Amino acid sequence: MDKLAIVGGVRLAGEIPVSGAKNAALPILCAALLTEEPLEVENVPHLRDVDTLLALLARMGVAIEREGPTVRLQAKRIVSPEAPYELVKTMRASILVLGPLVARCHEAVVSLPGGCAIGARPVDQHIKGLQALGATVRVEHGYIHATTPGLRGARLVPDLVTVTGTENLLMAACLAEGTTVIENAAREPEVSDLARCLVAMGADIDGIGTDTLRVRGVSRLHGARYRVMPDRIETGTYLCAAAITGGGIRLTRADPGSLEAVLAKLAEAGCRIETGPDWVVLQAPARLRAVDVRTAPYPGFPTDMQAQFMALDTVAEGSGVIRETIFENRFMHAVELQRLGADIRIDGNTAVVTGVARLDGAAVMATDLRASAGLVVAALKAEGETIIERIYHLDRGYERIEEKLGALGAQVRRIR
Ligand code: EPU
C-alpha cells in the first residue's frame, strides 16, 4: 500500500491551480442518469472516488468517454438500476444514484452505505424524503429497495441539514410531477453547483444557494455541457499547508467566494490573504496564532477543514478550541498528531490544542480523507521525516497531491 514520505521545514512558495471539486463532480456525474441525452462534464478531477463512481455508472449501462478533465456520459438506457455493496462500501457518495434512479427508472436497489470511520452516517433522511415524494421504500438485507408508480412533488423538511440528502432529493424532484419544496436544504456551494447543472439540463429550480429549494417537475431533462466548480476544500488544504510552513502561495482557478469562513480563520491566525475573482494569495506570518473553530453547515466553517486547522493549532502561539458538530467521531487525526508531539486534549466533540514549539517527524496512519490532509499539513512543519501510511484515503480526494506539493517546494515522495 502506498505511503507518503514528507520531510518538514521547507517554506512553501509558488503557484498551483485548484482542481475541480470532488463533492460537486460526484452528484453532477450522477445527474447523467436523469436523461437519455449526453451530459458533458468539464473540470472533473482525477480521483479514486470519481473512478469508483464512473465504474458504478458504467455497470448501470451509462456510456462513458473520458478525455483529460472532461467526461461525457450518456444514459440512453439504464440496464440495471442497482448499486452493489462492493462499490458502495468503498465510497458512501454512491448513495447519490438513488434519487436519479428512482426518478428515471421508477425503481432502485442501492446498498446501504453503513458506518464509516467518521461516524455512523445514516441515510434515513434520503429515504424519508423519497417516501414523501411517493416512493415505496424497504430496507432488506442491507439494501434499499425503492419503487414508485411515478414521483409526485411534495413539501420536504429534512430533520437536519444533509448535503448528499439534499442533492438526492433535488435530483429526484426534477422529474417528479408537480412542485417540490425542500426546506432546511443544505446551502453548500456543491449543492448549488449541482442545481445549476440541473438547470442547464432543463430543470426548473428556484432558491439556489438558499435553504429553500423550489422545484417544478418537468417530464424530461435534456443533455448539457457543464463545468464543475473549483474544489474549496482542496483550496483550503493548500492554504493551510502554506500557512503552517510560514510560506506564501498563490492558488489559481479557485473560487474564493466559496470559502469565506476558512479565509477569515486564516486571517485571524495571522495570514495575509488577497483574493481576486478566481485566485487566492496567502502570505503566512513567522508563527501562527491559535484559532478556535466550530464546524457548522455552510456558510459556517466546513467540517472537511477541521483536521487541517487542528494541525495549524498544534504549532501556533497559544491554544485553540475545536468543536466538531457535524460528525460524532471526526477526531481520529488527533492521536496521530500526538505522535508528532502535538498537545491535544479531547473531551467529547471538543479538542483543546495547545501550540508546541516543534513537531517531530514520525510514522502516522491516515484514517480518512480529511484526517490524512491534516497529517500532511502537520508533516510539512515537523522536523525530519514523517511517513504517512494508507494514503489511498488521500488519493480519494486530492488530485496529484505529491506533484502539487512538490511544485510548491515541499520535500515529498510517494513510496509504492
Ligand atoms: N445524517 C443523518 N441522516 C441522513 C443524512 C445525514 O443523520 O439521512 C447526518 C450525518 O450522519 C451527519 C450529518 O447528518 O452527522 C451531516 O451529514 P451530510 O449528510 O451532510 O454528509 P454527507 O452528505 O454524507 C457530505 C460530503 C462530506 C462532508 C459532509 C458535510 C459528499 C460526497 N460528501 O457528506 O465530505 O463532510 O457533506 O459537509 O458531498 C469528504 O469530502 O471528505 C467528506 C466526508
# chains A, B, ... in the order shown; residues from 1 in each chain; ligands from 1
$ residues_around --residues "Leu282 of chain A" --least-positions-apart "6" --cutoff "6 Å" --atoms "only C-alpha atoms" --output "ChimeraX atom specification"
/A:248-249,272-273
$ write_last_selection --atoms "C-alpha atoms" --output "PDB file, in the first residue's frame"
ATOM      1  CA  GLY A 248       3.471  32.340   0.639  1.00  0.00           C
ATOM      2  CA  ILE A 249       1.484  30.805  -2.236  1.00  0.00           C
ATOM      3  CA  ARG A 272      -2.397  37.960   4.907  1.00  0.00           C
ATOM      4  CA  ILE A 273      -4.979  36.967   2.307  1.00  0.00           C
TER       5      ILE A 273
END
$ select_by_dssp --residues "segment 1-144 of chain A" --states "strand (DSSP E or B)" --output "PyMOL selection string"
chain A and resi 3-7+13-17+20+38-42+63-67+70-74+82-83+107-111+116+119+136-140+143-144
$ residues_around --residues "Arg414 of chain A" --least-positions-apart "2" --cutoff "9 Å" --atoms "only C-alpha atoms" --output "MDAnalysis selection string"
chainID A and resid 2:6 402 412 416
$ residues_near_ligand --ligand "ligand 1" --cutoff "6 Å" --atoms "only C-alpha atoms and all ligand atoms" --output "list in words"
Asn23, Ala93, Ala120, Arg121, Pro122, Val123, Asp124, Gln125, His126, Val161, Thr162, Val163, Thr164, Gly165, Thr303, Asp304, Ile326, Phe327, Leu369 and Arg370 of chain A
$ write_last_selection --atoms "N, CA, C and O atoms" --output "compact mmCIF listing (two decimals), in the first residue's frame"
# COMPACT_ATOMS: atom_id res chain seq x y z
N ASN A 23 -16.69 16.93 -4.42
CA ASN A 23 -18.05 16.79 -3.91
C ASN A 23 -19.11 17.49 -4.76
O ASN A 23 -20.30 17.36 -4.51
N ALA A 93 -20.58 8.13 -1.23
CA ALA A 93 -21.27 9.02 -2.17
C ALA A 93 -22.03 8.23 -3.24
O ALA A 93 -22.85 8.82 -3.96
N ALA A 120 -21.50 7.16 12.27
CA ALA A 120 -22.49 6.19 11.80
C ALA A 120 -23.05 6.59 10.43
O ALA A 120 -23.27 5.76 9.58
N ARG A 121 -23.28 7.86 10.21
CA ARG A 121 -23.75 8.42 8.95
C ARG A 121 -24.94 7.68 8.31
O ARG A 121 -24.82 7.08 7.23
N PRO A 122 -26.08 7.73 8.98
CA PRO A 122 -27.27 7.09 8.40
C PRO A 122 -27.77 7.82 7.15
O PRO A 122 -27.33 8.94 6.87
N VAL A 123 -28.68 7.19 6.40
CA VAL A 123 -29.28 7.83 5.22
C VAL A 123 -30.80 7.91 5.36
O VAL A 123 -31.53 7.97 4.38
N ASP A 124 -31.27 7.92 6.62
CA ASP A 124 -32.71 7.95 6.87
C ASP A 124 -33.40 9.16 6.24
O ASP A 124 -34.55 9.06 5.79
N GLN A 125 -32.72 10.29 6.15
CA GLN A 125 -33.35 11.49 5.59
C GLN A 125 -33.54 11.36 4.07
O GLN A 125 -34.49 11.89 3.52
N HIS A 126 -32.59 10.68 3.41
CA HIS A 126 -32.74 10.43 1.97
C HIS A 126 -34.01 9.58 1.76
O HIS A 126 -34.84 9.85 0.89
N VAL A 161 -29.62 19.24 8.40
CA VAL A 161 -29.07 19.69 7.12
C VAL A 161 -28.16 18.58 6.59
O VAL A 161 -27.19 18.21 7.23
N THR A 162 -28.53 18.03 5.45
CA THR A 162 -27.72 16.97 4.86
C THR A 162 -27.37 17.32 3.41
O THR A 162 -28.25 17.65 2.61
N VAL A 163 -26.09 17.23 3.10
CA VAL A 163 -25.61 17.64 1.79
C VAL A 163 -26.04 16.64 0.72
O VAL A 163 -26.80 16.99 -0.20
N THR A 164 -25.61 15.38 0.83
CA THR A 164 -26.00 14.42 -0.21
C THR A 164 -27.50 14.13 -0.16
O THR A 164 -28.11 13.82 -1.19
N GLY A 165 -28.11 14.25 1.02
CA GLY A 165 -29.56 14.08 1.12
C GLY A 165 -30.27 15.13 0.28
O GLY A 165 -31.17 14.82 -0.51
N THR A 303 -16.67 21.15 8.14
CA THR A 303 -16.08 20.00 8.85
C THR A 303 -14.91 19.42 8.05
O THR A 303 -13.97 18.90 8.63
N ASP A 304 -14.97 19.54 6.73
CA ASP A 304 -13.89 18.99 5.90
C ASP A 304 -12.57 19.77 6.02
O ASP A 304 -11.57 19.37 5.44
N ILE A 326 -20.69 18.31 13.26
CA ILE A 326 -21.36 17.60 12.16
C ILE A 326 -21.23 16.07 12.31
O ILE A 326 -22.22 15.36 12.17
N PHE A 327 -20.03 15.61 12.55
CA PHE A 327 -19.82 14.16 12.69
C PHE A 327 -19.38 13.82 14.11
O PHE A 327 -18.61 14.57 14.72
N LEU A 369 -10.16 10.61 4.61
CA LEU A 369 -9.63 11.58 3.65
C LEU A 369 -9.12 12.87 4.30
O LEU A 369 -7.97 13.26 4.13
N ARG A 370 -9.97 13.55 5.06
CA ARG A 370 -9.56 14.87 5.57
C ARG A 370 -8.61 14.72 6.76
O ARG A 370 -7.77 15.60 6.98
$ select_by_dssp --residues "segment 10-176 of chain A" --states "alpha helix (DSSP H)" --output "ChimeraX atom specification"
/A:22-30,48-59,85-88,98-105,124-132,163-174
$ write_last_selection --atoms "N, CA and C atoms" --output "short mmCIF file (atom, residue, chain, number, x, y, z; two decimals), in the first residue's frame"
data_model
loop_
_atom_site.label_atom_id
_atom_site.label_comp_id
_atom_site.auth_asym_id
_atom_site.auth_seq_id
_atom_site.Cartn_x
_atom_site.Cartn_y
_atom_site.Cartn_z
N LYS A 22 -14.36 17.63 -5.96
CA LYS A 22 -14.83 16.25 -5.85
C LYS A 22 -16.31 16.20 -5.47
N ASN A 23 -16.69 16.93 -4.42
CA ASN A 23 -18.05 16.79 -3.91
C ASN A 23 -19.11 17.49 -4.76
N ALA A 24 -18.66 18.23 -5.80
CA ALA A 24 -19.62 18.72 -6.79
C ALA A 24 -19.62 17.77 -7.99
N ALA A 25 -18.44 17.27 -8.36
CA ALA A 25 -18.36 16.37 -9.52
C ALA A 25 -19.20 15.10 -9.30
N LEU A 26 -19.16 14.56 -8.07
CA LEU A 26 -19.84 13.27 -7.85
C LEU A 26 -21.35 13.37 -8.10
N PRO A 27 -22.08 14.33 -7.48
CA PRO A 27 -23.51 14.42 -7.80
C PRO A 27 -23.77 14.80 -9.26
N ILE A 28 -22.93 15.66 -9.83
CA ILE A 28 -23.17 16.09 -11.21
C ILE A 28 -23.03 14.91 -12.17
N LEU A 29 -22.06 14.03 -11.92
CA LEU A 29 -21.93 12.83 -12.78
C LEU A 29 -23.18 11.96 -12.63
N CYS A 30 -23.71 11.89 -11.43
CA CYS A 30 -24.93 11.09 -11.21
C CYS A 30 -26.13 11.68 -11.95
N ARG A 48 -9.75 8.82 -7.10
CA ARG A 48 -10.26 7.47 -6.95
C ARG A 48 -11.78 7.45 -6.79
N ASP A 49 -12.33 8.41 -6.06
CA ASP A 49 -13.79 8.43 -5.88
C ASP A 49 -14.52 8.62 -7.21
N VAL A 50 -13.93 9.43 -8.09
CA VAL A 50 -14.54 9.64 -9.41
C VAL A 50 -14.48 8.33 -10.20
N ASP A 51 -13.34 7.65 -10.17
CA ASP A 51 -13.22 6.35 -10.87
C ASP A 51 -14.27 5.37 -10.35
N THR A 52 -14.42 5.33 -9.03
CA THR A 52 -15.38 4.39 -8.43
C THR A 52 -16.79 4.70 -8.93
N LEU A 53 -17.14 5.98 -8.95
CA LEU A 53 -18.49 6.34 -9.39
C LEU A 53 -18.69 6.03 -10.87
N LEU A 54 -17.67 6.32 -11.68
CA LEU A 54 -17.81 6.04 -13.12
C LEU A 54 -17.96 4.54 -13.36
N ALA A 55 -17.25 3.72 -12.57
CA ALA A 55 -17.39 2.26 -12.70
C ALA A 55 -18.82 1.85 -12.36
N LEU A 56 -19.37 2.47 -11.34
CA LEU A 56 -20.75 2.16 -10.93
C LEU A 56 -21.74 2.57 -12.03
N LEU A 57 -21.55 3.75 -12.59
CA LEU A 57 -22.46 4.23 -13.64
C LEU A 57 -22.33 3.35 -14.90
N ALA A 58 -21.11 2.94 -15.20
CA ALA A 58 -20.89 2.07 -16.38
C ALA A 58 -21.64 0.76 -16.22
N ARG A 59 -21.62 0.20 -15.00
CA ARG A 59 -22.35 -1.05 -14.73
C ARG A 59 -23.84 -0.91 -14.98
N TYR A 85 -23.10 -3.61 -2.96
CA TYR A 85 -22.32 -3.34 -1.75
C TYR A 85 -20.84 -3.14 -2.03
N GLU A 86 -20.27 -3.96 -2.94
CA GLU A 86 -18.82 -3.89 -3.20
C GLU A 86 -18.39 -2.48 -3.59
N LEU A 87 -19.25 -1.76 -4.33
CA LEU A 87 -18.87 -0.40 -4.74
C LEU A 87 -19.27 0.63 -3.70
N VAL A 88 -20.46 0.46 -3.13
CA VAL A 88 -20.95 1.46 -2.17
C VAL A 88 -20.07 1.48 -0.92
N LEU A 98 -29.26 6.96 -5.93
CA LEU A 98 -30.61 6.55 -5.50
C LEU A 98 -31.71 7.47 -6.06
N GLY A 99 -31.59 8.76 -5.80
CA GLY A 99 -32.62 9.71 -6.26
C GLY A 99 -32.82 9.67 -7.77
N PRO A 100 -31.74 9.82 -8.55
CA PRO A 100 -31.89 9.78 -10.01
C PRO A 100 -32.49 8.46 -10.53
N LEU A 101 -32.10 7.32 -9.93
CA LEU A 101 -32.62 6.04 -10.43
C LEU A 101 -34.12 5.94 -10.18
N VAL A 102 -34.56 6.31 -8.98
CA VAL A 102 -35.99 6.22 -8.68
C VAL A 102 -36.76 7.14 -9.62
N ALA A 103 -36.21 8.35 -9.86
CA ALA A 103 -36.91 9.31 -10.71
C ALA A 103 -37.00 8.82 -12.15
N ARG A 104 -35.91 8.28 -12.65
CA ARG A 104 -35.87 7.90 -14.07
C ARG A 104 -36.44 6.51 -14.32
N CYS A 105 -36.07 5.53 -13.49
CA CYS A 105 -36.47 4.13 -13.74
C CYS A 105 -37.67 3.68 -12.91
N ASP A 124 -31.27 7.92 6.62
CA ASP A 124 -32.71 7.95 6.87
C ASP A 124 -33.40 9.16 6.24
N GLN A 125 -32.72 10.29 6.15
CA GLN A 125 -33.35 11.49 5.59
C GLN A 125 -33.54 11.36 4.07
N HIS A 126 -32.59 10.68 3.41
CA HIS A 126 -32.74 10.43 1.97
C HIS A 126 -34.01 9.58 1.76
N ILE A 127 -34.14 8.54 2.59
CA ILE A 127 -35.26 7.59 2.44
C ILE A 127 -36.59 8.28 2.74
N LYS A 128 -36.61 9.02 3.85
CA LYS A 128 -37.84 9.72 4.25
C LYS A 128 -38.31 10.67 3.15
N GLY A 129 -37.37 11.37 2.56
CA GLY A 129 -37.70 12.33 1.51
C GLY A 129 -38.28 11.63 0.29
N LEU A 130 -37.66 10.52 -0.10
CA LEU A 130 -38.16 9.79 -1.28
C LEU A 130 -39.56 9.25 -1.01
N GLN A 131 -39.78 8.79 0.23
CA GLN A 131 -41.13 8.30 0.58
C GLN A 131 -42.15 9.42 0.45
N ALA A 132 -41.78 10.61 0.91
CA ALA A 132 -42.70 11.76 0.80
C ALA A 132 -42.98 12.09 -0.66
N VAL A 163 -26.09 17.23 3.10
CA VAL A 163 -25.61 17.64 1.79
C VAL A 163 -26.04 16.64 0.72
N THR A 164 -25.61 15.38 0.83
CA THR A 164 -26.00 14.42 -0.21
C THR A 164 -27.50 14.13 -0.16
N GLY A 165 -28.11 14.25 1.02
CA GLY A 165 -29.56 14.08 1.12
C GLY A 165 -30.27 15.13 0.28
N THR A 166 -29.86 16.39 0.43
CA THR A 166 -30.47 17.46 -0.37
C THR A 166 -30.24 17.19 -1.86
N GLU A 167 -29.04 16.75 -2.21
CA GLU A 167 -28.72 16.51 -3.62
C GLU A 167 -29.58 15.39 -4.21
N ASN A 168 -29.73 14.30 -3.44
CA ASN A 168 -30.54 13.17 -3.91
C ASN A 168 -31.99 13.60 -4.15
N LEU A 169 -32.54 14.36 -3.19
CA LEU A 169 -33.95 14.75 -3.29
C LEU A 169 -34.14 15.79 -4.40
N LEU A 170 -33.15 16.66 -4.55
CA LEU A 170 -33.22 17.67 -5.62
C LEU A 170 -33.26 16.97 -6.99
N MET A 171 -32.39 15.99 -7.18
CA MET A 171 -32.36 15.29 -8.48
C MET A 171 -33.66 14.54 -8.71
N ALA A 172 -34.19 13.90 -7.65
CA ALA A 172 -35.44 13.16 -7.81
C ALA A 172 -36.58 14.12 -8.15
N ALA A 173 -36.61 15.27 -7.47
CA ALA A 173 -37.72 16.22 -7.64
C ALA A 173 -37.80 16.78 -9.05
N CYS A 174 -36.66 16.85 -9.73
CA CYS A 174 -36.66 17.42 -11.09
C CYS A 174 -37.61 16.68 -12.03
#
$ closest_residue --among "A:Pro38, A:Gly236, A:Gly320, A:Gly384" --to "Asp255 of chain A" --atoms "only C-alpha atoms"
A:Gly236
$ residues_around --residues "Ala311 of chain A" --least-positions-apart "3" --cutoff "6 Å" --atoms "only C-alpha atoms" --output "ChimeraX atom specification"
/A:308,314,374,378
$ atom_distance --atom1 "atom CA of Gly270 of chain A" --atom2 "atom CA of Ser319 of chain A"
14.2 Å
$ residues_around --residues "segment 290-298 of chain A" --least-positions-apart "3" --cutoff "10 Å" --atoms "only C-alpha atoms" --output "VMD selection string"
chain A and resid 160 to 163 186 to 189 209 258 to 259 261 to 262 265 to 270 287 301 to 306 309 to 310 312 to 327 350 to 355
$ closest_residue --among "A:Leu263, A:Asn184, A:Val199, A:Ala75" --to "Tyr238 of chain A" --atoms "only C-alpha atoms"
A:Leu263
$ atom_distance --atom1 "atom CA of Val62 of chain A" --atom2 "atom CA of Ile78 of chain A"
6.8 Å
$ atom_distance --atom1 "atom CA of Tyr143 of chain A" --atom2 "atom CA of Glu328 of chain A"
24.2 Å
$ residues_around --residues "Ala146 of chain A" --least-positions-apart "4" --cutoff "8 Å" --atoms "only C-alpha atoms" --output "compact mmCIF listing (two decimals) with all heavy atoms, in the first residue's frame"
# COMPACT_ATOMS: atom_id res chain seq x y z
N VAL A 102 -34.56 6.31 -8.98
CA VAL A 102 -35.99 6.22 -8.68
C VAL A 102 -36.76 7.14 -9.62
O VAL A 102 -37.81 6.78 -10.15
CB VAL A 102 -36.27 6.60 -7.20
CG1 VAL A 102 -37.76 6.52 -6.92
CG2 VAL A 102 -35.52 5.69 -6.26
N HIS A 106 -38.06 4.52 -11.94
CA HIS A 106 -39.13 4.18 -11.01
C HIS A 106 -38.77 2.99 -10.13
O HIS A 106 -39.63 2.40 -9.49
CB HIS A 106 -40.46 3.93 -11.75
CG HIS A 106 -40.98 5.16 -12.41
ND1 HIS A 106 -42.16 5.21 -13.09
CD2 HIS A 106 -40.48 6.42 -12.49
CE1 HIS A 106 -42.36 6.43 -13.58
NE2 HIS A 106 -41.33 7.17 -13.23
N GLU A 107 -37.51 2.63 -10.11
CA GLU A 107 -37.06 1.61 -9.16
C GLU A 107 -35.56 1.74 -8.95
O GLU A 107 -34.85 2.24 -9.83
CB GLU A 107 -37.41 0.19 -9.63
CG GLU A 107 -36.75 -0.16 -10.94
CD GLU A 107 -36.87 -1.64 -11.30
OE1 GLU A 107 -36.88 -2.48 -10.39
OE2 GLU A 107 -36.95 -1.93 -12.50
N ALA A 108 -35.12 1.29 -7.77
CA ALA A 108 -33.68 1.31 -7.48
C ALA A 108 -33.40 0.31 -6.38
O ALA A 108 -34.23 0.08 -5.50
CB ALA A 108 -33.26 2.70 -7.03
N VAL A 109 -32.23 -0.31 -6.46
CA VAL A 109 -31.76 -1.18 -5.40
C VAL A 109 -30.34 -0.72 -5.08
O VAL A 109 -29.43 -0.89 -5.89
CB VAL A 109 -31.75 -2.67 -5.84
CG1 VAL A 109 -31.31 -3.56 -4.69
CG2 VAL A 109 -33.12 -3.08 -6.36
N ALA A 135 -42.37 7.34 -3.20
CA ALA A 135 -41.69 6.06 -3.41
C ALA A 135 -42.01 5.11 -2.25
O ALA A 135 -42.20 5.56 -1.12
CB ALA A 135 -40.18 6.27 -3.50
N THR A 136 -42.11 3.84 -2.56
CA THR A 136 -42.23 2.84 -1.51
C THR A 136 -40.82 2.32 -1.27
O THR A 136 -40.16 1.86 -2.21
CB THR A 136 -43.14 1.68 -1.99
OG1 THR A 136 -44.39 2.27 -2.38
CG2 THR A 136 -43.35 0.65 -0.91
N VAL A 137 -40.39 2.41 -0.05
CA VAL A 137 -39.00 2.04 0.24
C VAL A 137 -38.98 0.98 1.33
O VAL A 137 -39.62 1.13 2.37
CB VAL A 137 -38.19 3.28 0.72
CG1 VAL A 137 -36.72 2.91 0.92
CG2 VAL A 137 -38.31 4.44 -0.28
N ARG A 138 -38.25 -0.12 1.07
CA ARG A 138 -38.00 -1.05 2.17
C ARG A 138 -36.51 -1.33 2.22
O ARG A 138 -35.82 -1.29 1.20
CB ARG A 138 -38.85 -2.32 2.05
CG ARG A 138 -38.59 -3.15 0.88
CD ARG A 138 -39.67 -4.20 0.63
NE ARG A 138 -39.52 -4.57 -0.78
CZ ARG A 138 -38.65 -5.47 -1.20
NH1 ARG A 138 -37.91 -6.15 -0.36
NH2 ARG A 138 -38.52 -5.70 -2.50
$ residues_around --residues "Asp231 of chain A" --least-positions-apart "3" --cutoff "6 Å" --atoms "only C-alpha atoms" --output "ChimeraX atom specification"
/A:19-21,234
$ write_last_selection --atoms "C-alpha atoms" --output "short mmCIF file (atom, residue, chain, number, x, y, z; two decimals), in the first residue's frame"
data_model
loop_
_atom_site.label_atom_id
_atom_site.label_comp_id
_atom_site.auth_asym_id
_atom_site.auth_seq_id
_atom_site.Cartn_x
_atom_site.Cartn_y
_atom_site.Cartn_z
CA SER A 19 -8.77 21.09 -9.33
CA GLY A 20 -12.48 20.62 -9.90
CA ALA A 21 -14.47 19.92 -6.73
CA GLU A 234 -8.53 21.40 -1.76
#
$ closest_residue --among "A:Ala241, A:Ala13, A:Asp206, A:Val7" --to "Ala363 of chain A" --atoms "only C-alpha atoms"
A:Val7
$ decode --residues "segment 52-90 of chain A" --atoms "C-alpha atoms" --output "compact mmCIF listing (two decimals), in the first residue's frame"
# COMPACT_ATOMS: atom_id res chain seq x y z
CA THR A 52 -15.38 4.39 -8.43
CA LEU A 53 -18.49 6.34 -9.39
CA LEU A 54 -17.81 6.04 -13.12
CA ALA A 55 -17.39 2.26 -12.70
CA LEU A 56 -20.75 2.16 -10.93
CA LEU A 57 -22.46 4.23 -13.64
CA ALA A 58 -20.89 2.07 -16.38
CA ARG A 59 -22.35 -1.05 -14.73
CA MET A 60 -25.78 0.56 -14.99
CA GLY A 61 -25.33 0.94 -18.72
CA VAL A 62 -24.11 4.54 -18.92
CA ALA A 63 -21.74 5.06 -21.87
CA ILE A 64 -18.71 6.98 -20.64
CA GLU A 65 -15.91 8.70 -22.53
CA ARG A 66 -13.17 10.47 -20.66
CA GLU A 67 -10.67 12.84 -22.13
CA GLY A 68 -8.48 14.56 -19.56
CA PRO A 69 -10.73 16.54 -17.22
CA THR A 70 -13.79 16.16 -19.48
CA VAL A 71 -16.20 13.27 -19.04
CA ARG A 72 -19.01 12.61 -21.48
CA LEU A 73 -21.79 10.41 -20.18
CA GLN A 74 -24.86 9.10 -21.91
CA ALA A 75 -27.51 7.06 -20.12
CA LYS A 76 -29.56 6.09 -23.17
CA ARG A 77 -30.96 3.08 -21.40
CA ILE A 78 -30.33 2.04 -17.82
CA VAL A 79 -29.77 -1.72 -17.88
CA SER A 80 -29.64 -2.26 -14.13
CA PRO A 81 -30.79 0.27 -11.53
CA GLU A 82 -28.59 -1.31 -8.85
CA ALA A 83 -25.64 -0.21 -6.74
CA PRO A 84 -23.97 -3.25 -5.15
CA TYR A 85 -22.32 -3.34 -1.75
CA GLU A 86 -18.82 -3.89 -3.20
CA LEU A 87 -18.87 -0.40 -4.74
CA VAL A 88 -20.95 1.46 -2.17
CA LYS A 89 -18.78 0.28 0.73
CA THR A 90 -15.69 1.93 -0.80
